[in-house]
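Enquirer: I'd like to ask some things about the structure below.
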Amino acid sequence: MKGTVLYGPGDVRFEDRETPKIVEPTDAVIRIAATCVCGSDLWPYRGLQPINEPTPMGHEYCGIVEEIGRAVQSLKPGQFVVGSFATSDNTCPNCRYGYQSSCIHREFMTRAQAPVLRVPLADGTLVPTPDVPPDELVPSLLTTSDVLGTGWFAADAANVKPGSTVVVVGDGAVGLLGVLSAQQMGAERIIVMSRHEKRQQLAREFGATDIVSERGDDGVARVMELTKGVGADSVLECVGTQQSMMQAIHCTRKGGHVSYVGVPHEVELNGAELFFTHVHLHGGPAPVRRYLPQLIELVLNGKIDPGKVFDLTLPLEQVAEGYRAMDERRAIKALLQP
Ligand SMILES: [Zn+2]
Ligand SMILES: [Zn+2]
């Protein structure tokens with residue numbers, strides 16, 4: 001088979017690789033129905049997160065179980081499954097507290113931008129759908145694997161409740177699905193910080209009520225104006241830079257909640273400054289596995305259509321163009337079809 005390998009900044013190749021097979025008895029091998037490029041793939045692609053060797057890419061996936069190891073009990077070949085970007089046994093204390101992305105046996109998935117994928121800890125990691133879903137639901141189901149799960153965690157960790165005033169910092173796929181999640185959780189007002197018209201439009205479709213196009217201190221001033229000088233109850237930081245983090249903290253009301261789900265890159269917080277902001281901070285790699293059953297159900301029941309974040313669909317062999325389009329912000333998110 002051929003799979004996606006990143007060789008260095010801007011150098012994505014689709015090349016011959018060994019077809020994955022069962023290694024551990026707890027593994028499953030799945031045939032990918034759809035995969036995609038993640039915003040976090042762009043950090044190494046842009047050379048901002050160095051790689052030491054050619055690195056197989058891809059961690060968002062769904063597909064049909066082809067083969068299971070002899071210890072796998074809850075899955076069978078032919079089932080359609082979705083899994084998180086982090087594997088989990090779903091039984092250790094961290095998993096039972098709902099933090100499966102910190103499972104003591106966690107591995108971060110990679111190699112999913114390929115037609116076939118080995119998934120470790122299959123019983124704890126993969127969630128099957130009741131039936132094989134129709135093709136038109138596959139993009140939305142794929143989002144539950146990471147971007148929707150991460151946006152949902154962002155809203156949950158920021159304590160979004162019915163009636164909340166919410167700010168979303170970041171208009172990438174995660175930010176946009178943070179809007180959708182906040183809307184599902186009953187937020188009354190959802191302010192999105194975005195400068196891109198196409199993304200603003202999708203944010204509105206997902207439930208945004210206000211758009212702020214200013215950034216940094218100007219953006220904070222605008223949010224303060226919109227919230228009568230109080231700040232928002234819940235702020236979702238979905239970027240991971242110093243500026244976006246400070247913007248999020250400064251938009252939050254005293255006693256409010258900030259979640260941060262963008263992988264931080266050179267973000268530093270000043271303890272004394274943080275002390276006087278009086279905010280709750282909660283973030284990290286989203287425990288997507290906690291939310292998968294609920295999110296899959298919302299998609300299958302037609303309650304949400306998160307697959308709209310895919311504004312570019314390419315055959316898998318054109319994966320390099322998917323990276324380019326996202327890097328140049330021509331695409332919000334690129335879906336790849338094997
Ligand atoms: Zn991802
Ligand atoms: Zn665990």
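Just so we're on the same page: first chain in the structure tokens is A, next is B, and so on; residues restart at 1 for each chain, and ligands are numbered from 1 in the order they show up.
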Which residues of segment 79-196 of chain A come within 9 Å of segment 303-323 of chain A, and what is each one's closest atom pair and distance in Å (one decimal), counting only C-alpha atoms, sorted by chain and residue number, as a Markdown table?
Expert:
| residue | atom | partner | partner_atom | distance |
| --- | --- | --- | --- | --- |
| A:Gln113 | CA | A:Leu316 | CA | 7.4 |
| A:Ala114 | CA | A:Leu316 | CA | 7.4 |
| A:Pro115 | CA | A:Leu316 | CA | 8.2 |
| A:Leu137 | CA | A:Gly307 | CA | 7.9 |
| A:Val138 | CA | A:Gly307 | CA | 8.1 |
| A:Pro139 | CA | A:Gly307 | CA | 4.8 |
| A:Ser140 | CA | A:Gly307 | CA | 3.9 |
| A:Leu141 | CA | A:Gly307 | CA | 7.5 |
| A:Leu142 | CA | A:Gly307 | CA | 7.7 |
| A:Thr143 | CA | A:Gly307 | CA | 6.4 |
| A:Thr144 | CA | A:Pro306 | CA | 8.5 |
| A:Leu148 | CA | A:Pro306 | CA | 7.0 |
| A:Gly172 | CA | A:Val309 | CA | 8.8 |
| A:Ala173 | CA | A:Val309 | CA | 6.0 |
| A:Leu176 | CA | A:Val309 | CA | 7.7 |
| A:Leu177 | CA | A:Pro306 | CA | 6.8 |
| A:Leu180 | CA | A:Pro306 | CA | 7.7 |
| A:Gln184 | CA | A:Ile304 | CA | 8.6 |
Enquirer: Would you name the residues within 7 Å of ligand 1, counting only C-alpha atoms and all ligand atoms, and put them as an NGL selection string?
Expert: :A and (38-40 or 59-60 or 85 or 146-147)
Enquirer: Kindly save the residues from that selection, with all heavy atoms included, as a short mmCIF file (atom, residue, chain, number, x, y, z; two decimals), in the first residue's frame.
Expert:
data_model
loop_
_atom_site.label_atom_id
_atom_site.label_comp_id
_atom_site.auth_asym_id
_atom_site.auth_seq_id
_atom_site.Cartn_x
_atom_site.Cartn_y
_atom_site.Cartn_z
N CYS A 38 -4.95 17.51 9.67
CA CYS A 38 -5.29 18.22 10.91
C CYS A 38 -4.50 19.53 10.98
O CYS A 38 -3.37 19.61 10.48
CB CYS A 38 -4.92 17.36 12.11
SG CYS A 38 -5.33 18.10 13.70
N GLY A 39 -5.07 20.53 11.65
CA GLY A 39 -4.32 21.76 11.90
C GLY A 39 -2.99 21.48 12.58
O GLY A 39 -1.99 22.14 12.31
N SER A 40 -2.96 20.45 13.45
CA SER A 40 -1.71 20.16 14.16
C SER A 40 -0.67 19.52 13.24
O SER A 40 0.52 19.56 13.53
CB SER A 40 -1.99 19.26 15.38
OG SER A 40 -2.41 17.99 14.96
N HIS A 59 -3.86 11.15 11.97
CA HIS A 59 -4.36 10.60 13.23
C HIS A 59 -5.88 10.72 13.36
O HIS A 59 -6.43 10.53 14.42
CB HIS A 59 -3.67 11.29 14.41
CG HIS A 59 -3.86 12.77 14.40
ND1 HIS A 59 -2.90 13.63 13.94
CD2 HIS A 59 -4.91 13.53 14.74
CE1 HIS A 59 -3.36 14.87 14.01
NE2 HIS A 59 -4.58 14.84 14.50
N GLU A 60 -6.56 11.08 12.27
CA GLU A 60 -8.02 11.18 12.31
C GLU A 60 -8.55 10.15 11.32
O GLU A 60 -8.14 10.15 10.17
CB GLU A 60 -8.45 12.61 11.94
CG GLU A 60 -7.72 13.63 12.81
CD GLU A 60 -8.16 15.07 12.62
OE1 GLU A 60 -9.29 15.30 12.17
OE2 GLU A 60 -7.36 15.96 12.92
N PHE A 85 -7.70 10.07 18.30
CA PHE A 85 -6.29 10.25 17.91
C PHE A 85 -5.35 9.71 18.99
O PHE A 85 -4.16 9.57 18.76
CB PHE A 85 -5.98 11.72 17.62
CG PHE A 85 -6.20 12.62 18.81
CD1 PHE A 85 -5.19 12.81 19.75
CD2 PHE A 85 -7.41 13.26 19.00
CE1 PHE A 85 -5.40 13.63 20.85
CE2 PHE A 85 -7.63 14.07 20.10
CZ PHE A 85 -6.62 14.26 21.03
N ASP A 146 -11.52 13.58 16.00
CA ASP A 146 -10.64 14.59 16.59
C ASP A 146 -11.29 15.97 16.64
O ASP A 146 -11.63 16.45 17.72
CB ASP A 146 -9.30 14.65 15.84
CG ASP A 146 -8.33 15.66 16.47
OD1 ASP A 146 -8.70 16.35 17.42
OD2 ASP A 146 -7.18 15.76 15.98
N VAL A 147 -11.47 16.63 15.50
CA VAL A 147 -11.88 18.05 15.55
C VAL A 147 -13.17 18.31 16.28
O VAL A 147 -13.26 19.25 17.07
CB VAL A 147 -11.98 18.73 14.16
CG1 VAL A 147 -10.68 19.34 13.77
CG2 VAL A 147 -12.56 17.84 13.12
#
Enquirer: Do you know which residues are within 10 Å of ligand 2 using only C-alpha atoms and all ligand atoms? Can you write them as a list of chain:residue names?
Expert: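 After applying the 10 Å limit, what remains is A:Thr87, A:Ser88, A:Asp89, A:Asn90, A:Thr91, A:Cys92, A:Pro93, A:Asn94, A:Cys95, A:Arg96, A:Tyr97, A:Gly98, A:Tyr99, A:Gln100, A:Ser101, A:Ser102, A:Cys103, A:Ile104, A:His105, A:Arg106, A:Leu121, A:Gly124, A:Thr125.
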Enquirer: Could you turn the residues from that selection into a file that holds N, CA, C and O atoms, as a PDB file, in the first residue's frame?
Expert:
ATOM      1  N   THR A  87      -4.892   6.452  21.673  1.00  0.00           N
ATOM      2  CA  THR A  87      -5.446   5.146  22.029  1.00  0.00           C
ATOM      3  C   THR A  87      -5.650   5.081  23.540  1.00  0.00           C
ATOM      4  O   THR A  87      -5.001   5.805  24.301  1.00  0.00           O
ATOM      5  N   SER A  88      -6.573   4.219  23.967  1.00  0.00           N
ATOM      6  CA  SER A  88      -6.844   4.088  25.399  1.00  0.00           C
ATOM      7  C   SER A  88      -7.382   2.700  25.699  1.00  0.00           C
ATOM      8  O   SER A  88      -8.106   2.122  24.887  1.00  0.00           O
ATOM      9  N   ASP A  89      -7.041   2.186  26.887  1.00  0.00           N
ATOM     10  CA  ASP A  89      -7.620   0.891  27.286  1.00  0.00           C
ATOM     11  C   ASP A  89      -9.045   1.076  27.798  1.00  0.00           C
ATOM     12  O   ASP A  89      -9.825   0.146  27.838  1.00  0.00           O
ATOM     13  N   ASN A  90      -9.388   2.304  28.172  1.00  0.00           N
ATOM     14  CA  ASN A  90     -10.718   2.655  28.696  1.00  0.00           C
ATOM     15  C   ASN A  90     -11.024   1.960  30.031  1.00  0.00           C
ATOM     16  O   ASN A  90     -12.174   1.875  30.422  1.00  0.00           O
ATOM     17  N   THR A  91      -9.998   1.467  30.716  1.00  0.00           N
ATOM     18  CA  THR A  91     -10.231   0.788  31.997  1.00  0.00           C
ATOM     19  C   THR A  91      -9.340   1.314  33.131  1.00  0.00           C
ATOM     20  O   THR A  91      -9.667   1.133  34.301  1.00  0.00           O
ATOM     21  N   CYS A  92      -8.233   1.971  32.829  1.00  0.00           N
ATOM     22  CA  CYS A  92      -7.317   2.428  33.881  1.00  0.00           C
ATOM     23  C   CYS A  92      -7.950   3.614  34.630  1.00  0.00           C
ATOM     24  O   CYS A  92      -8.955   4.164  34.181  1.00  0.00           O
ATOM     25  N   PRO A  93      -7.397   4.023  35.762  1.00  0.00           N
ATOM     26  CA  PRO A  93      -8.012   5.127  36.513  1.00  0.00           C
ATOM     27  C   PRO A  93      -8.178   6.411  35.683  1.00  0.00           C
ATOM     28  O   PRO A  93      -9.234   7.043  35.737  1.00  0.00           O
ATOM     29  N   ASN A  94      -7.169   6.790  34.911  1.00  0.00           N
ATOM     30  CA  ASN A  94      -7.301   8.016  34.118  1.00  0.00           C
ATOM     31  C   ASN A  94      -8.472   7.916  33.145  1.00  0.00           C
ATOM     32  O   ASN A  94      -9.214   8.879  32.942  1.00  0.00           O
ATOM     33  N   CYS A  95      -8.617   6.749  32.526  1.00  0.00           N
ATOM     34  CA  CYS A  95      -9.742   6.533  31.607  1.00  0.00           C
ATOM     35  C   CYS A  95     -11.063   6.614  32.358  1.00  0.00           C
ATOM     36  O   CYS A  95     -12.009   7.242  31.887  1.00  0.00           O
ATOM     37  N   ARG A  96     -11.113   5.982  33.524  1.00  0.00           N
ATOM     38  CA  ARG A  96     -12.387   5.961  34.251  1.00  0.00           C
ATOM     39  C   ARG A  96     -12.771   7.345  34.761  1.00  0.00           C
ATOM     40  O   ARG A  96     -13.950   7.644  34.921  1.00  0.00           O
ATOM     41  N   TYR A  97     -11.787   8.211  34.965  1.00  0.00           N
ATOM     42  CA  TYR A  97     -12.101   9.608  35.308  1.00  0.00           C
ATOM     43  C   TYR A  97     -12.489  10.418  34.067  1.00  0.00           C
ATOM     44  O   TYR A  97     -12.792  11.605  34.166  1.00  0.00           O
ATOM     45  N   GLY A  98     -12.433   9.788  32.904  1.00  0.00           N
ATOM     46  CA  GLY A  98     -12.834  10.488  31.676  1.00  0.00           C
ATOM     47  C   GLY A  98     -11.692  11.159  30.946  1.00  0.00           C
ATOM     48  O   GLY A  98     -11.920  11.980  30.071  1.00  0.00           O
ATOM     49  N   TYR A  99     -10.468  10.804  31.308  1.00  0.00           N
ATOM     50  CA  TYR A  99      -9.308  11.405  30.628  1.00  0.00           C
ATOM     51  C   TYR A  99      -8.552  10.336  29.834  1.00  0.00           C
ATOM     52  O   TYR A  99      -7.374  10.072  30.053  1.00  0.00           O
ATOM     53  N   GLN A 100      -9.293   9.738  28.876  1.00  0.00           N
ATOM     54  CA  GLN A 100      -8.728   8.646  28.088  1.00  0.00           C
ATOM     55  C   GLN A 100      -7.513   9.071  27.275  1.00  0.00           C
ATOM     56  O   GLN A 100      -6.687   8.230  26.919  1.00  0.00           O
ATOM     57  N   SER A 101      -7.407  10.364  26.976  1.00  0.00           N
ATOM     58  CA  SER A 101      -6.233  10.823  26.221  1.00  0.00           C
ATOM     59  C   SER A 101      -4.996  10.912  27.126  1.00  0.00           C
ATOM     60  O   SER A 101      -3.903  11.237  26.660  1.00  0.00           O
ATOM     61  N   SER A 102      -5.161  10.615  28.426  1.00  0.00           N
ATOM     62  CA  SER A 102      -4.023  10.433  29.318  1.00  0.00           C
ATOM     63  C   SER A 102      -4.004   9.008  29.864  1.00  0.00           C
ATOM     64  O   SER A 102      -3.476   8.750  30.940  1.00  0.00           O
ATOM     65  N   CYS A 103      -4.588   8.078  29.133  1.00  0.00           N
ATOM     66  CA  CYS A 103      -4.562   6.661  29.519  1.00  0.00           C
ATOM     67  C   CYS A 103      -3.123   6.248  29.818  1.00  0.00           C
ATOM     68  O   CYS A 103      -2.198   6.676  29.124  1.00  0.00           O
ATOM     69  N   ILE A 104      -2.955   5.414  30.838  1.00  0.00           N
ATOM     70  CA  ILE A 104      -1.581   5.005  31.173  1.00  0.00           C
ATOM     71  C   ILE A 104      -0.959   4.164  30.048  1.00  0.00           C
ATOM     72  O   ILE A 104       0.247   4.024  29.985  1.00  0.00           O
ATOM     73  N   HIS A 105      -1.794   3.627  29.163  1.00  0.00           N
ATOM     74  CA  HIS A 105      -1.281   2.868  28.011  1.00  0.00           C
ATOM     75  C   HIS A 105      -1.418   3.643  26.692  1.00  0.00           C
ATOM     76  O   HIS A 105      -1.414   3.048  25.620  1.00  0.00           O
ATOM     77  N   ARG A 106      -1.574   4.941  26.805  1.00  0.00           N
ATOM     78  CA  ARG A 106      -1.828   5.754  25.612  1.00  0.00           C
ATOM     79  C   ARG A 106      -0.688   5.704  24.590  1.00  0.00           C
ATOM     80  O   ARG A 106       0.482   5.732  24.932  1.00  0.00           O
ATOM     81  N   LEU A 121      -4.951  -1.338  21.196  1.00  0.00           N
ATOM     82  CA  LEU A 121      -5.989  -1.277  22.243  1.00  0.00           C
ATOM     83  C   LEU A 121      -7.379  -1.083  21.624  1.00  0.00           C
ATOM     84  O   LEU A 121      -8.155  -0.208  22.018  1.00  0.00           O
ATOM     85  N   GLY A 124     -10.704  -0.621  23.666  1.00  0.00           N
ATOM     86  CA  GLY A 124     -10.886   0.618  24.412  1.00  0.00           C
ATOM     87  C   GLY A 124     -10.883   1.853  23.538  1.00  0.00           C
ATOM     88  O   GLY A 124     -11.377   2.903  23.940  1.00  0.00           O
ATOM     89  N   THR A 125     -10.315   1.734  22.341  1.00  0.00           N
ATOM     90  CA  THR A 125     -10.101   2.912  21.495  1.00  0.00           C
ATOM     91  C   THR A 125     -11.229   3.129  20.486  1.00  0.00           C
ATOM     92  O   THR A 125     -11.640   4.258  20.239  1.00  0.00           O
TER      93      THR A 125
END
Enquirer: With a cut-off of 9 Å, could you pull out the residues of segment 71-178 of chain A touching segment 233-244 of chain A and give me the nearest pair of atoms for each, distance in Å to one decimal, using only C-alpha atoms, ordered by chain and ascending number, as CSV?
Expert:
residue,atom,partner,partner_atom,distance
A:Gly151,CA,A:Cys238,CA,8.1
A:Ala154,CA,A:Leu236,CA,5.7
A:Ala155,CA,A:Leu236,CA,6.5
A:Ala157,CA,A:Leu236,CA,8.5
A:Ala158,CA,A:Ser234,CA,5.1
A:Asn159,CA,A:Ser234,CA,6.3
A:Val160,CA,A:Ser234,CA,6.0
A:Lys161,CA,A:Ser234,CA,9.0
A:Ser164,CA,A:Asp233,CA,6.2
A:Thr165,CA,A:Asp233,CA,5.4
A:Val166,CA,A:Ser234,CA,4.8
A:Val167,CA,A:Val235,CA,4.7
A:Val168,CA,A:Leu236,CA,4.8
A:Val169,CA,A:Glu237,CA,5.0
A:Gly170,CA,A:Cys238,CA,5.2
A:Asp171,CA,A:Cys238,CA,7.9
A:Gly172,CA,A:Cys238,CA,7.7
A:Val174,CA,A:Cys238,CA,6.4
A:Gly175,CA,A:Cys238,CA,5.5
A:Gly178,CA,A:Leu236,CA,7.3
Enquirer: Using C-alpha atoms, can you write the selected residues to a file as a PDB file, in the first residue's frame?
Expert:
ATOM      1  CA  GLY A 151     -14.224  21.324  19.984  1.00  0.00           C
ATOM      2  CA  ALA A 154     -13.209  22.849  24.578  1.00  0.00           C
ATOM      3  CA  ALA A 155     -16.828  23.812  25.251  1.00  0.00           C
ATOM      4  CA  ALA A 157     -13.914  22.267  29.755  1.00  0.00           C
ATOM      5  CA  ALA A 158     -14.926  25.942  29.520  1.00  0.00           C
ATOM      6  CA  ASN A 159     -18.099  25.049  31.410  1.00  0.00           C
ATOM      7  CA  VAL A 160     -20.545  26.113  28.677  1.00  0.00           C
ATOM      8  CA  LYS A 161     -24.097  25.876  30.001  1.00  0.00           C
ATOM      9  CA  SER A 164     -23.767  31.131  28.733  1.00  0.00           C
ATOM     10  CA  THR A 165     -21.922  33.877  26.924  1.00  0.00           C
ATOM     11  CA  VAL A 166     -19.079  32.228  25.023  1.00  0.00           C
ATOM     12  CA  VAL A 167     -16.038  33.488  23.139  1.00  0.00           C
ATOM     13  CA  VAL A 168     -14.207  31.246  20.685  1.00  0.00           C
ATOM     14  CA  VAL A 169     -10.632  32.255  19.872  1.00  0.00           C
ATOM     15  CA  GLY A 170      -9.609  30.677  16.565  1.00  0.00           C
ATOM     16  CA  ASP A 171     -11.565  30.019  13.387  1.00  0.00           C
ATOM     17  CA  GLY A 172      -9.895  26.767  12.344  1.00  0.00           C
ATOM     18  CA  VAL A 174     -11.657  23.047  15.954  1.00  0.00           C
ATOM     19  CA  GLY A 175     -12.800  26.607  16.733  1.00  0.00           C
ATOM     20  CA  GLY A 178     -16.316  24.604  19.317  1.00  0.00           C
TER      21      GLY A 178
END
Enquirer: I want to know what sits within 9 Å of Ser213 of chain A, based on only C-alpha atoms, with residues of the same chain fewer than 5 positions away left out; could you give that as number ranges by chain?
Expert: A: 192-196, 219
Enquirer: Please produce a file of those selected residues containing N, CA, C and O atoms, as a compact mmCIF listing (two decimals), in the first residue's frame.
Expert:
# COMPACT_ATOMS: atom_id res chain seq x y z
N VAL A 192 -17.34 34.85 17.99
CA VAL A 192 -16.20 34.18 17.35
C VAL A 192 -15.19 35.22 16.90
O VAL A 192 -15.56 36.24 16.31
N MET A 193 -13.92 34.98 17.19
CA MET A 193 -12.87 35.87 16.74
C MET A 193 -12.32 35.32 15.43
O MET A 193 -11.68 34.26 15.41
N SER A 194 -12.63 36.00 14.32
CA SER A 194 -12.24 35.51 13.00
C SER A 194 -12.11 36.67 12.04
O SER A 194 -12.85 37.63 12.11
N ARG A 195 -11.15 36.54 11.13
CA ARG A 195 -10.97 37.59 10.13
C ARG A 195 -11.28 37.11 8.72
O ARG A 195 -11.09 37.83 7.76
N HIS A 196 -11.73 35.84 8.61
CA HIS A 196 -11.94 35.27 7.28
C HIS A 196 -13.42 35.09 6.99
O HIS A 196 -14.11 34.40 7.73
N GLY A 219 -9.00 43.10 20.02
CA GLY A 219 -10.03 42.06 20.07
C GLY A 219 -10.63 41.95 21.46
O GLY A 219 -11.85 41.84 21.63
Enquirer: Between A:Gly63, A:Pro133, A:Gly207, A:Pro264, which residue has the minimum interatomic distance to Pro338 of chain A, considering only C-alpha atoms?
Expert: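 Among the listed residues, the smallest separation from Pro338 of chain A belongs to A:Gly63.
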Enquirer: Considering only alpha helix (DSSP H) as DSSP defines it on the backbone, what residues of segment 16-236 of chain A qualify? List them as number ranges by chain.
Expert: A: 42-45, 93-96, 122-125, 138-143, 147-157, 173-184, 197-206, 216-226
Enquirer: What is the atom CA of Lys198 of chain A-atom CA of Arg215 of chain A distance in Å, reported with one decimal?
Expert: 17.6 Å
Enquirer: Give the strand (DSSP E or B) residues of segment 56-118 of chain A, as assigned by DSSP on the backbone, as a PyMOL selection string.
Expert: chain A and resi 56+61-68+80-83+86+108+116-118
Enquirer: Output N, CA and C atoms for every residue in the selection just made, as a tab-separated table (two decimals), in the first residue's frame.
Expert:
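Wrote it out as selection26.tsv, contents follow:
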chain	number	residue	atom	x	y	z
A	56	PRO	N	5.57	9.08	9.30
A	56	PRO	CA	4.25	8.75	8.74
A	56	PRO	C	3.20	9.63	9.42
A	61	TYR	N	-9.45	9.29	11.77
A	61	TYR	CA	-9.78	8.14	10.94
A	61	TYR	C	-11.12	7.52	11.30
A	62	CYS	N	-11.73	6.87	10.32
A	62	CYS	CA	-12.86	5.99	10.55
A	62	CYS	C	-12.84	4.98	9.41
A	63	GLY	N	-13.48	3.84	9.62
A	63	GLY	CA	-13.45	2.84	8.56
A	63	GLY	C	-14.00	1.51	9.03
A	64	ILE	N	-13.75	0.50	8.22
A	64	ILE	CA	-14.32	-0.83	8.44
A	64	ILE	C	-13.26	-1.76	9.03
A	65	VAL	N	-13.65	-2.45	10.09
A	65	VAL	CA	-12.73	-3.42	10.71
A	65	VAL	C	-12.46	-4.55	9.71
A	66	GLU	N	-11.16	-4.79	9.46
A	66	GLU	CA	-10.81	-5.89	8.55
A	66	GLU	C	-10.40	-7.13	9.32
A	67	GLU	N	-9.66	-6.90	10.42
A	67	GLU	CA	-9.10	-8.03	11.14
A	67	GLU	C	-8.95	-7.63	12.61
A	68	ILE	N	-9.13	-8.56	13.51
A	68	ILE	CA	-8.92	-8.26	14.93
A	68	ILE	C	-7.94	-9.26	15.54
A	80	PHE	N	-18.30	-0.79	11.12
A	80	PHE	CA	-17.76	0.56	10.90
A	80	PHE	C	-17.39	1.13	12.26
A	81	VAL	N	-16.18	1.68	12.36
A	81	VAL	CA	-15.70	2.18	13.65
A	81	VAL	C	-15.09	3.58	13.51
A	82	VAL	N	-15.13	4.31	14.63
A	82	VAL	CA	-14.41	5.58	14.74
A	82	VAL	C	-13.54	5.47	15.99
A	83	GLY	N	-12.33	6.04	15.92
A	83	GLY	CA	-11.46	6.01	17.09
A	83	GLY	C	-10.86	7.38	17.31
A	86	ALA	N	-5.89	9.44	20.19
A	86	ALA	CA	-5.08	8.84	21.26
A	86	ALA	C	-5.70	7.49	21.60
A	108	PHE	N	-0.13	7.96	20.84
A	108	PHE	CA	-0.74	8.90	19.90
A	108	PHE	C	-0.74	8.25	18.52
A	116	VAL	N	-4.97	1.65	4.94
A	116	VAL	CA	-5.14	0.64	5.98
A	116	VAL	C	-4.40	1.10	7.23
A	117	LEU	N	-4.99	0.83	8.40
A	117	LEU	CA	-4.42	1.35	9.65
A	117	LEU	C	-4.50	0.30	10.75
A	118	ARG	N	-3.40	0.17	11.50
A	118	ARG	CA	-3.42	-0.68	12.71
A	118	ARG	C	-3.80	0.19	13.90
Enquirer: Calculate how many Å separate atom CA of Pro285 of chain A from atom CA of Trp152 of chain A, rounding to one decimal.
Expert: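 One can read the atom CA of Pro285 of chain A to atom CA of Trp152 of chain A distance as 11.9 Å.
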Enquirer: Taking into account only C-alpha atoms, which residue in the set A:Ile51, A:Val12, A:Met1, A:Val132 is nearest to Leu300 of chain A?
Expert: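 For Leu300 of chain A, the nearest of the candidates is A:Val132.
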Enquirer: Using only C-alpha atoms, can you tell me which of A:Ile332, A:Val179, A:Phe153, A:Asn301 comes closest to Gly284 of chain A?
Expert: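 Counting only C-alpha atoms, the residue closest to Gly284 of chain A is A:Phe153.
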Enquirer: Quick one: everything within 12 Å of Lys76 of chain A, counting only C-alpha atoms, minus sequence neighbours fewer than 6 positions away in the same chain. Send it as a CSV table (one decimal) with N, CA, C and O atoms, in the first residue's frame.
Expert:
chain,number,residue,atom,x,y,z
A,27,ASP,N,-4.9,-5.6,19.0
A,27,ASP,CA,-4.9,-4.7,17.9
A,27,ASP,C,-6.2,-5.0,17.0
A,27,ASP,O,-6.7,-6.1,17.0
A,28,ALA,N,-6.6,-4.0,16.2
A,28,ALA,CA,-7.4,-4.2,15.1
A,28,ALA,C,-6.8,-3.6,13.9
A,28,ALA,O,-6.0,-2.6,14.0
A,29,VAL,N,-7.1,-4.1,12.7
A,29,VAL,CA,-6.7,-3.4,11.5
A,29,VAL,C,-7.9,-3.0,10.8
A,29,VAL,O,-8.9,-3.8,10.6
A,30,ILE,N,-8.0,-1.7,10.4
A,30,ILE,CA,-9.2,-1.2,9.7
A,30,ILE,C,-8.8,-0.7,8.3
A,30,ILE,O,-7.7,-0.2,8.1
A,64,ILE,N,-13.8,0.5,8.2
A,64,ILE,CA,-14.3,-0.8,8.4
A,64,ILE,C,-13.3,-1.8,9.0
A,64,ILE,O,-12.2,-1.8,8.5
A,65,VAL,N,-13.6,-2.5,10.1
A,65,VAL,CA,-12.7,-3.4,10.7
A,65,VAL,C,-12.5,-4.6,9.7
A,65,VAL,O,-13.4,-5.2,9.2
A,66,GLU,N,-11.2,-4.8,9.5
A,66,GLU,CA,-10.8,-5.9,8.6
A,66,GLU,C,-10.4,-7.1,9.3
A,66,GLU,O,-10.7,-8.2,8.9
A,67,GLU,N,-9.7,-6.9,10.4
A,67,GLU,CA,-9.1,-8.0,11.1
A,67,GLU,C,-9.0,-7.6,12.6
A,67,GLU,O,-8.7,-6.5,12.9
A,68,ILE,N,-9.1,-8.6,13.5
A,68,ILE,CA,-8.9,-8.3,14.9
A,68,ILE,C,-7.9,-9.3,15.5
A,68,ILE,O,-7.9,-10.4,15.1
A,69,GLY,N,-7.2,-8.8,16.6
A,69,GLY,CA,-6.3,-9.7,17.3
A,69,GLY,C,-7.1,-10.6,18.2
A,69,GLY,O,-8.3,-10.4,18.4
A,70,ARG,N,-6.5,-11.7,18.6
A,70,ARG,CA,-7.3,-12.7,19.3
A,70,ARG,C,-7.8,-12.3,20.7
A,70,ARG,O,-8.8,-12.9,21.2
A,122,ALA,N,-7.7,-1.9,20.6
A,122,ALA,CA,-8.9,-1.7,19.8
A,122,ALA,C,-10.2,-1.7,20.7
A,122,ALA,O,-11.0,-0.8,20.4
A,123,ASP,N,-10.3,-2.6,21.7
A,123,ASP,CA,-11.5,-2.6,22.5
A,123,ASP,C,-11.8,-1.2,23.2
A,123,ASP,O,-12.9,-0.8,23.3
A,126,LEU,N,-11.7,2.0,19.9
A,126,LEU,CA,-12.7,2.1,18.8
A,126,LEU,C,-14.1,2.0,19.3
A,126,LEU,O,-14.4,1.3,20.1
A,127,VAL,N,-15.0,2.8,18.6
A,127,VAL,CA,-16.4,2.8,18.9
A,127,VAL,C,-17.1,2.4,17.6
A,127,VAL,O,-17.0,3.1,16.6
A,128,PRO,N,-17.9,1.3,17.6
A,128,PRO,CA,-18.6,0.9,16.4
A,128,PRO,C,-19.9,1.7,16.2
A,128,PRO,O,-20.5,2.0,17.3
A,129,THR,N,-20.4,1.9,15.0
A,129,THR,CA,-21.7,2.4,14.8
A,129,THR,C,-22.6,1.2,14.7
A,129,THR,O,-22.2,0.1,14.4
Enquirer: For Leu75 of chain A, which residue among A:Pro130, A:Val230, A:Thr4, A:Leu269 is the nearest when counting only C-alpha atoms?
Expert: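 Using only C-alpha atoms, Leu75 of chain A sits closest to A:Pro130.
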Enquirer: Nearest to Val119 of chain A among A:Arg189, A:Arg31, A:Arg222, A:Arg204, with distances taken over only C-alpha atoms: which residue is it?
Expert: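 Smallest separation from Val119 of chain A among the options: A:Arg31.
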